[in-house]
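Below is one structure, written out as structure tokens, with a few remarks after it.
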Amino acid sequence: LTFANQSFGIAKIDLQGPEALDVLARVMPADWTSLGYFGFREVEFEGFRLIVSRTGYTGELGYEFYLPWSKADVLWEKLMADESVRPAGLGARDTLRLEVGLPLYGQDLDTEHTPVEAGYGAMLKSEADFIGKPGLDTVRERLIGLRIDGRRSARHYDEVYVGETKVGMVTSGSIAPSLGYCVAMAFVRADMADQAAFTVKGPKTTLEAIRADMPFSSAPPPGPAVV
């Protein structure tokens with residue numbers, strides 16, 4: 001039994017958005033409604049084989065296409081010819097997953113934090129023993145959402161403070177175009193995670209932030225408490 005690494009021969013193009021199913025049906029006519037979330041299908045298209053996967057990480061309806069890199073321009077041109085399709089880069093996609101509070105592995109999820117600290121403790125209900133289970137009871141930090149009004153965003157590795165005390169670090173941050181303000185995720189000390197306000201300090205910026213639930217909301221920020 002041998003394995004061959006075909007990564008360098010494969011291209012991936014994503015079709016994401018509320019009209020993705022309609023566009024897919026126009027470009028590759030078939031019954032795509034039967035393809036469930038996390039399902040995939042291998043099909044023939046323009047004389048070559050490709051995989052259509054009902055996946056994506058934008059918080060929207062979406063599909064991902066895996067195909068020979070030499071045929072990527074063929075699929076790209078077919079998709080771009082549809083009047084509903086516009087090109088978007090990874091930066092734009094990153095704002096979408098941030099707005100709905102989807103953590104990204106390598107930034108918001110890593111080997112230094114447990115799933116419980118990242119907010120996924122509800123998924124770990126198994127009574128069986130598994131690797132790492134004994135450490136799940138220790139919650140040192142928690143992943144929280146931050147809202148920063150204005151257009152100046154926090155960035156990965158910016159430090160998070162309560163007063164003069166450093167309590168954590170930003171893992172992801174960006175302006176949220178559809179919300180009209182900036183959003184960020186940060187790991188902060190568990191005993192400080194429920195604070196209402198934080199200060200984010202970067203190499204050249206100091207920003208005021210408020211704790212926000214995820215997915216982030218377009219509602220105005222809470223006003224001062226009325227006593």
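Identifiers in this document derive from the order of the structure tokens: chains are assigned A, B, ..., residues are numbered from 1 separately in each chain, and ligands are numbered from 1 in order of occurrence.
Residue neighbourhood of range 158-160 of chain A, excluding near-sequence residues (fewer than 2 positions): Arg155, His156, Lys166, Val167, Gly168, Met169, Val170, Thr199, Val200, Lys201 and Gly202 of chain A, at 6 Å, using only C-alpha atoms.
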Per DSSP on the backbone, filter range 33-207 of chain A down to the residues in helix (DSSP H, G or I) and report them as a short mmCIF file (atom, residue, chain, number, x, y, z; two decimals) with all heavy atoms, in the first residue's frame.
data_model
loop_
_atom_site.label_atom_id
_atom_site.label_comp_id
_atom_site.auth_asym_id
_atom_site.auth_seq_id
_atom_site.Cartn_x
_atom_site.Cartn_y
_atom_site.Cartn_z
N THR A 33 -30.00 19.86 -3.93
CA THR A 33 -30.69 19.98 -2.63
C THR A 33 -30.52 18.73 -1.78
O THR A 33 -30.66 18.78 -0.56
CB THR A 33 -32.19 20.24 -2.84
OG1 THR A 33 -32.76 19.18 -3.61
CG2 THR A 33 -32.42 21.56 -3.59
N SER A 34 -30.21 17.61 -2.41
CA SER A 34 -30.03 16.35 -1.67
C SER A 34 -28.63 16.22 -1.06
O SER A 34 -28.37 15.27 -0.32
CB SER A 34 -30.30 15.16 -2.59
OG SER A 34 -29.40 15.14 -3.68
N TRP A 69 -5.56 21.48 -10.58
CA TRP A 69 -5.19 22.89 -10.64
C TRP A 69 -5.17 23.41 -12.07
O TRP A 69 -5.44 24.60 -12.32
CB TRP A 69 -3.85 23.12 -9.96
CG TRP A 69 -2.67 22.55 -10.71
CD1 TRP A 69 -2.10 21.33 -10.54
CD2 TRP A 69 -1.92 23.20 -11.75
NE1 TRP A 69 -1.05 21.16 -11.40
CE2 TRP A 69 -0.92 22.29 -12.16
CE3 TRP A 69 -2.00 24.43 -12.37
CZ2 TRP A 69 0.00 22.58 -13.17
CZ3 TRP A 69 -1.08 24.74 -13.38
CH2 TRP A 69 -0.11 23.82 -13.76
N SER A 70 -4.88 22.53 -13.01
CA SER A 70 -4.81 22.95 -14.42
C SER A 70 -6.19 23.28 -14.99
O SER A 70 -6.29 23.88 -16.07
CB SER A 70 -4.16 21.85 -15.26
OG SER A 70 -4.91 20.65 -15.18
N LYS A 71 -7.25 22.92 -14.26
CA LYS A 71 -8.62 23.20 -14.72
C LYS A 71 -9.29 24.29 -13.88
O LYS A 71 -10.46 24.60 -14.09
CB LYS A 71 -9.46 21.92 -14.64
CG LYS A 71 -8.93 20.77 -15.48
CD LYS A 71 -8.98 21.08 -16.97
CE LYS A 71 -8.55 19.88 -17.80
NZ LYS A 71 -8.60 20.16 -19.25
N ALA A 72 -8.55 24.86 -12.93
CA ALA A 72 -9.16 25.85 -12.03
C ALA A 72 -9.72 27.04 -12.78
O ALA A 72 -10.78 27.57 -12.44
CB ALA A 72 -8.13 26.31 -10.99
N ASP A 73 -9.02 27.48 -13.83
CA ASP A 73 -9.49 28.65 -14.58
C ASP A 73 -10.80 28.36 -15.30
O ASP A 73 -11.63 29.27 -15.48
CB ASP A 73 -8.43 29.12 -15.57
CG ASP A 73 -8.04 28.05 -16.58
OD1 ASP A 73 -8.17 26.84 -16.26
OD2 ASP A 73 -7.63 28.41 -17.69
N VAL A 74 -11.03 27.11 -15.68
CA VAL A 74 -12.27 26.75 -16.37
C VAL A 74 -13.47 26.95 -15.43
O VAL A 74 -14.46 27.60 -15.78
CB VAL A 74 -12.22 25.29 -16.87
CG1 VAL A 74 -13.57 24.90 -17.51
CG2 VAL A 74 -11.08 25.11 -17.86
N LEU A 75 -13.37 26.39 -14.23
CA LEU A 75 -14.45 26.54 -13.27
C LEU A 75 -14.60 28.00 -12.83
O LEU A 75 -15.72 28.52 -12.71
CB LEU A 75 -14.20 25.65 -12.05
CG LEU A 75 -15.23 25.76 -10.91
CD1 LEU A 75 -16.63 25.43 -11.41
CD2 LEU A 75 -14.84 24.87 -9.75
N TRP A 76 -13.48 28.67 -12.60
CA TRP A 76 -13.53 30.08 -12.18
C TRP A 76 -14.30 30.92 -13.20
O TRP A 76 -15.18 31.71 -12.83
CB TRP A 76 -12.10 30.61 -12.02
CG TRP A 76 -12.03 32.07 -11.67
CD1 TRP A 76 -11.91 33.12 -12.55
CD2 TRP A 76 -12.10 32.64 -10.37
NE1 TRP A 76 -11.90 34.31 -11.87
CE2 TRP A 76 -12.00 34.05 -10.53
CE3 TRP A 76 -12.21 32.11 -9.09
CZ2 TRP A 76 -12.03 34.93 -9.45
CZ3 TRP A 76 -12.23 32.99 -8.01
CH2 TRP A 76 -12.15 34.38 -8.20
N GLU A 77 -14.00 30.77 -14.47
CA GLU A 77 -14.67 31.56 -15.51
C GLU A 77 -16.15 31.22 -15.59
O GLU A 77 -16.99 32.11 -15.82
CB GLU A 77 -13.99 31.33 -16.87
CG GLU A 77 -12.55 31.84 -16.93
CD GLU A 77 -12.45 33.34 -16.73
OE1 GLU A 77 -13.43 34.06 -16.97
OE2 GLU A 77 -11.36 33.79 -16.29
N LYS A 78 -16.49 29.97 -15.41
CA LYS A 78 -17.90 29.58 -15.44
C LYS A 78 -18.66 30.22 -14.28
O LYS A 78 -19.79 30.70 -14.46
CB LYS A 78 -18.03 28.05 -15.37
CG LYS A 78 -17.64 27.33 -16.65
CD LYS A 78 -18.70 27.50 -17.72
CE LYS A 78 -18.37 26.66 -18.95
NZ LYS A 78 -19.41 26.79 -20.00
N LEU A 79 -18.06 30.20 -13.10
CA LEU A 79 -18.72 30.81 -11.95
C LEU A 79 -18.81 32.32 -12.11
O LEU A 79 -19.86 32.93 -11.84
CB LEU A 79 -17.95 30.47 -10.67
CG LEU A 79 -17.99 29.01 -10.21
CD1 LEU A 79 -17.02 28.78 -9.07
CD2 LEU A 79 -19.40 28.61 -9.79
N MET A 80 -17.76 32.96 -12.56
CA MET A 80 -17.74 34.41 -12.71
C MET A 80 -18.70 34.89 -13.79
O MET A 80 -19.10 36.06 -13.78
CB MET A 80 -16.31 34.88 -13.00
CG MET A 80 -15.35 34.73 -11.84
SD MET A 80 -15.90 35.62 -10.36
CE MET A 80 -15.97 37.29 -10.98
N LEU A 90 -9.52 35.89 0.80
CA LEU A 90 -9.56 35.30 2.13
C LEU A 90 -9.82 36.34 3.21
O LEU A 90 -10.43 36.04 4.24
CB LEU A 90 -8.24 34.57 2.41
CG LEU A 90 -7.99 33.30 1.59
CD1 LEU A 90 -6.62 32.72 1.91
CD2 LEU A 90 -9.08 32.27 1.86
N GLY A 91 -9.35 37.58 3.00
CA GLY A 91 -9.62 38.62 3.98
C GLY A 91 -11.10 38.89 4.13
O GLY A 91 -11.60 39.06 5.25
N ALA A 92 -11.82 38.92 3.01
CA ALA A 92 -13.27 39.13 3.05
C ALA A 92 -13.96 37.96 3.73
O ALA A 92 -14.89 38.15 4.54
CB ALA A 92 -13.81 39.33 1.63
N ARG A 93 -13.52 36.76 3.43
CA ARG A 93 -14.13 35.58 4.06
C ARG A 93 -13.86 35.58 5.56
O ARG A 93 -14.70 35.12 6.34
CB ARG A 93 -13.59 34.30 3.43
CG ARG A 93 -13.98 34.09 1.99
CD ARG A 93 -14.00 32.65 1.61
NE ARG A 93 -12.90 31.91 2.18
CZ ARG A 93 -12.88 30.59 2.25
NH1 ARG A 93 -13.91 29.89 1.83
NH2 ARG A 93 -11.84 29.96 2.75
N ASP A 94 -12.71 36.08 5.96
CA ASP A 94 -12.38 36.11 7.38
C ASP A 94 -13.35 37.00 8.14
O ASP A 94 -13.71 36.70 9.29
CB ASP A 94 -10.94 36.59 7.58
CG ASP A 94 -10.37 36.15 8.91
OD1 ASP A 94 -10.61 34.99 9.31
OD2 ASP A 94 -9.68 36.96 9.55
N THR A 95 -13.79 38.10 7.54
CA THR A 95 -14.75 38.97 8.22
C THR A 95 -16.08 38.24 8.43
O THR A 95 -16.75 38.46 9.44
CB THR A 95 -15.00 40.27 7.45
OG1 THR A 95 -15.67 40.00 6.21
CG2 THR A 95 -13.70 41.01 7.18
N LEU A 96 -16.45 37.38 7.49
CA LEU A 96 -17.72 36.67 7.60
C LEU A 96 -17.71 35.67 8.75
O LEU A 96 -18.65 35.60 9.55
CB LEU A 96 -18.05 35.95 6.29
CG LEU A 96 -18.26 36.83 5.06
CD1 LEU A 96 -18.50 35.98 3.82
CD2 LEU A 96 -19.44 37.77 5.28
N ARG A 97 -16.64 34.89 8.85
CA ARG A 97 -16.61 33.90 9.93
C ARG A 97 -16.47 34.58 11.28
O ARG A 97 -16.97 34.10 12.29
CB ARG A 97 -15.52 32.86 9.68
CG ARG A 97 -14.07 33.34 9.73
CD ARG A 97 -13.44 33.10 11.07
NE ARG A 97 -12.09 33.66 11.14
CZ ARG A 97 -11.42 33.75 12.28
NH1 ARG A 97 -11.95 33.37 13.43
NH2 ARG A 97 -10.21 34.27 12.29
N LEU A 98 -15.79 35.75 11.31
CA LEU A 98 -15.68 36.48 12.57
C LEU A 98 -17.02 37.05 13.01
O LEU A 98 -17.36 37.01 14.20
CB LEU A 98 -14.66 37.62 12.43
CG LEU A 98 -13.23 37.32 12.85
CD1 LEU A 98 -12.31 38.48 12.49
CD2 LEU A 98 -13.15 37.03 14.33
N GLU A 99 -17.80 37.59 12.09
CA GLU A 99 -19.08 38.19 12.45
C GLU A 99 -20.01 37.18 13.12
O GLU A 99 -20.80 37.54 14.00
CB GLU A 99 -19.74 38.78 11.21
CG GLU A 99 -19.08 40.06 10.73
CD GLU A 99 -19.79 40.68 9.54
OE1 GLU A 99 -20.71 40.05 8.99
OE2 GLU A 99 -19.42 41.80 9.16
N GLY A 121 -17.24 23.19 25.60
CA GLY A 121 -17.39 22.18 26.63
C GLY A 121 -18.66 21.36 26.51
O GLY A 121 -18.70 20.18 26.88
N ALA A 122 -19.71 21.96 25.95
CA ALA A 122 -20.99 21.25 25.81
C ALA A 122 -20.89 20.05 24.88
O ALA A 122 -21.75 19.16 24.91
CB ALA A 122 -22.06 22.21 25.30
N MET A 123 -19.85 20.01 24.05
CA MET A 123 -19.70 18.90 23.11
C MET A 123 -18.95 17.72 23.72
O MET A 123 -18.82 16.68 23.10
CB MET A 123 -18.95 19.39 21.86
CG MET A 123 -19.64 20.51 21.13
SD MET A 123 -18.70 21.12 19.71
CE MET A 123 -18.76 19.70 18.63
N LYS A 133 -8.67 14.24 28.68
CA LYS A 133 -9.86 14.42 29.52
C LYS A 133 -9.54 14.93 30.92
O LYS A 133 -10.25 15.82 31.42
CB LYS A 133 -10.64 13.10 29.60
CG LYS A 133 -11.97 13.23 30.33
CD LYS A 133 -12.76 11.93 30.28
CE LYS A 133 -14.10 12.08 30.96
NZ LYS A 133 -14.91 10.83 30.89
N PRO A 134 -8.49 14.43 31.57
CA PRO A 134 -8.22 14.91 32.94
C PRO A 134 -7.97 16.41 33.03
O PRO A 134 -8.24 17.02 34.06
CB PRO A 134 -6.96 14.12 33.34
CG PRO A 134 -7.00 12.88 32.50
CD PRO A 134 -7.57 13.33 31.20
N GLY A 135 -7.50 17.05 31.97
CA GLY A 135 -7.19 18.46 32.02
C GLY A 135 -8.36 19.38 31.74
O GLY A 135 -8.23 20.61 31.85
N LEU A 136 -9.51 18.82 31.41
CA LEU A 136 -10.64 19.65 31.03
C LEU A 136 -11.26 20.40 32.20
O LEU A 136 -11.98 21.38 32.01
CB LEU A 136 -11.71 18.80 30.34
CG LEU A 136 -11.29 18.17 29.01
CD1 LEU A 136 -12.43 17.32 28.45
CD2 LEU A 136 -10.89 19.23 28.00
N ASP A 137 -10.99 19.94 33.41
CA ASP A 137 -11.56 20.61 34.58
C ASP A 137 -10.82 21.90 34.93
O ASP A 137 -11.33 22.71 35.71
CB ASP A 137 -11.50 19.67 35.80
CG ASP A 137 -12.43 18.47 35.63
OD1 ASP A 137 -13.42 18.61 34.90
OD2 ASP A 137 -12.15 17.42 36.22
N ALA A 190 -9.69 33.49 33.02
CA ALA A 190 -11.05 33.05 33.34
C ALA A 190 -11.70 33.93 34.40
O ALA A 190 -12.91 34.20 34.32
CB ALA A 190 -11.03 31.60 33.80
N ASP A 191 -10.92 34.41 35.36
CA ASP A 191 -11.51 35.22 36.43
C ASP A 191 -11.82 36.65 35.96
O ASP A 191 -12.44 37.42 36.69
CB ASP A 191 -10.59 35.26 37.65
CG ASP A 191 -9.24 35.89 37.34
OD1 ASP A 191 -8.76 35.75 36.20
OD2 ASP A 191 -8.66 36.53 38.24
N MET A 192 -11.40 37.00 34.74
CA MET A 192 -11.66 38.33 34.20
C MET A 192 -12.57 38.30 32.97
O MET A 192 -12.91 39.34 32.41
CB MET A 192 -10.33 39.01 33.80
CG MET A 192 -9.43 39.34 34.97
SD MET A 192 -10.12 40.70 35.95
CE MET A 192 -8.76 41.02 37.09
#
Item to check | Among listed residues A:Thr138, A:Gln107, A:Thr58, A:Ser84, nearest Ala20 in chain A (using only C-alpha atoms) | outcome: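 Once distances to Ala20 in chain A are computed over only C-alpha atoms, the minimum belongs to A:Ser84.
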Checklist entry - Between A:Leu124, A:Ala184, A:Ile210, A:Ala118, which one has atoms that come closest to Ala196 in chain A, using only C-alpha atoms? => result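 For Ala196 in chain A, the nearest of the candidates is A:Ile210.
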Checklist entry - Which parts of range 128-199 of chain A does DSSP call strand (DSSP E) when run on the backbone here, written out as a PyMOL selection string? => result chain A and resi 141-148+159-162+165-176+181-189+197-199
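Look at Gly39 in chain A: the protein and nucleic acid residues within 7 Å of it, using only C-alpha atoms and passing over chain neighbours fewer than 4 places away, are Leu35, Ser53 and Arg54 of chain A.
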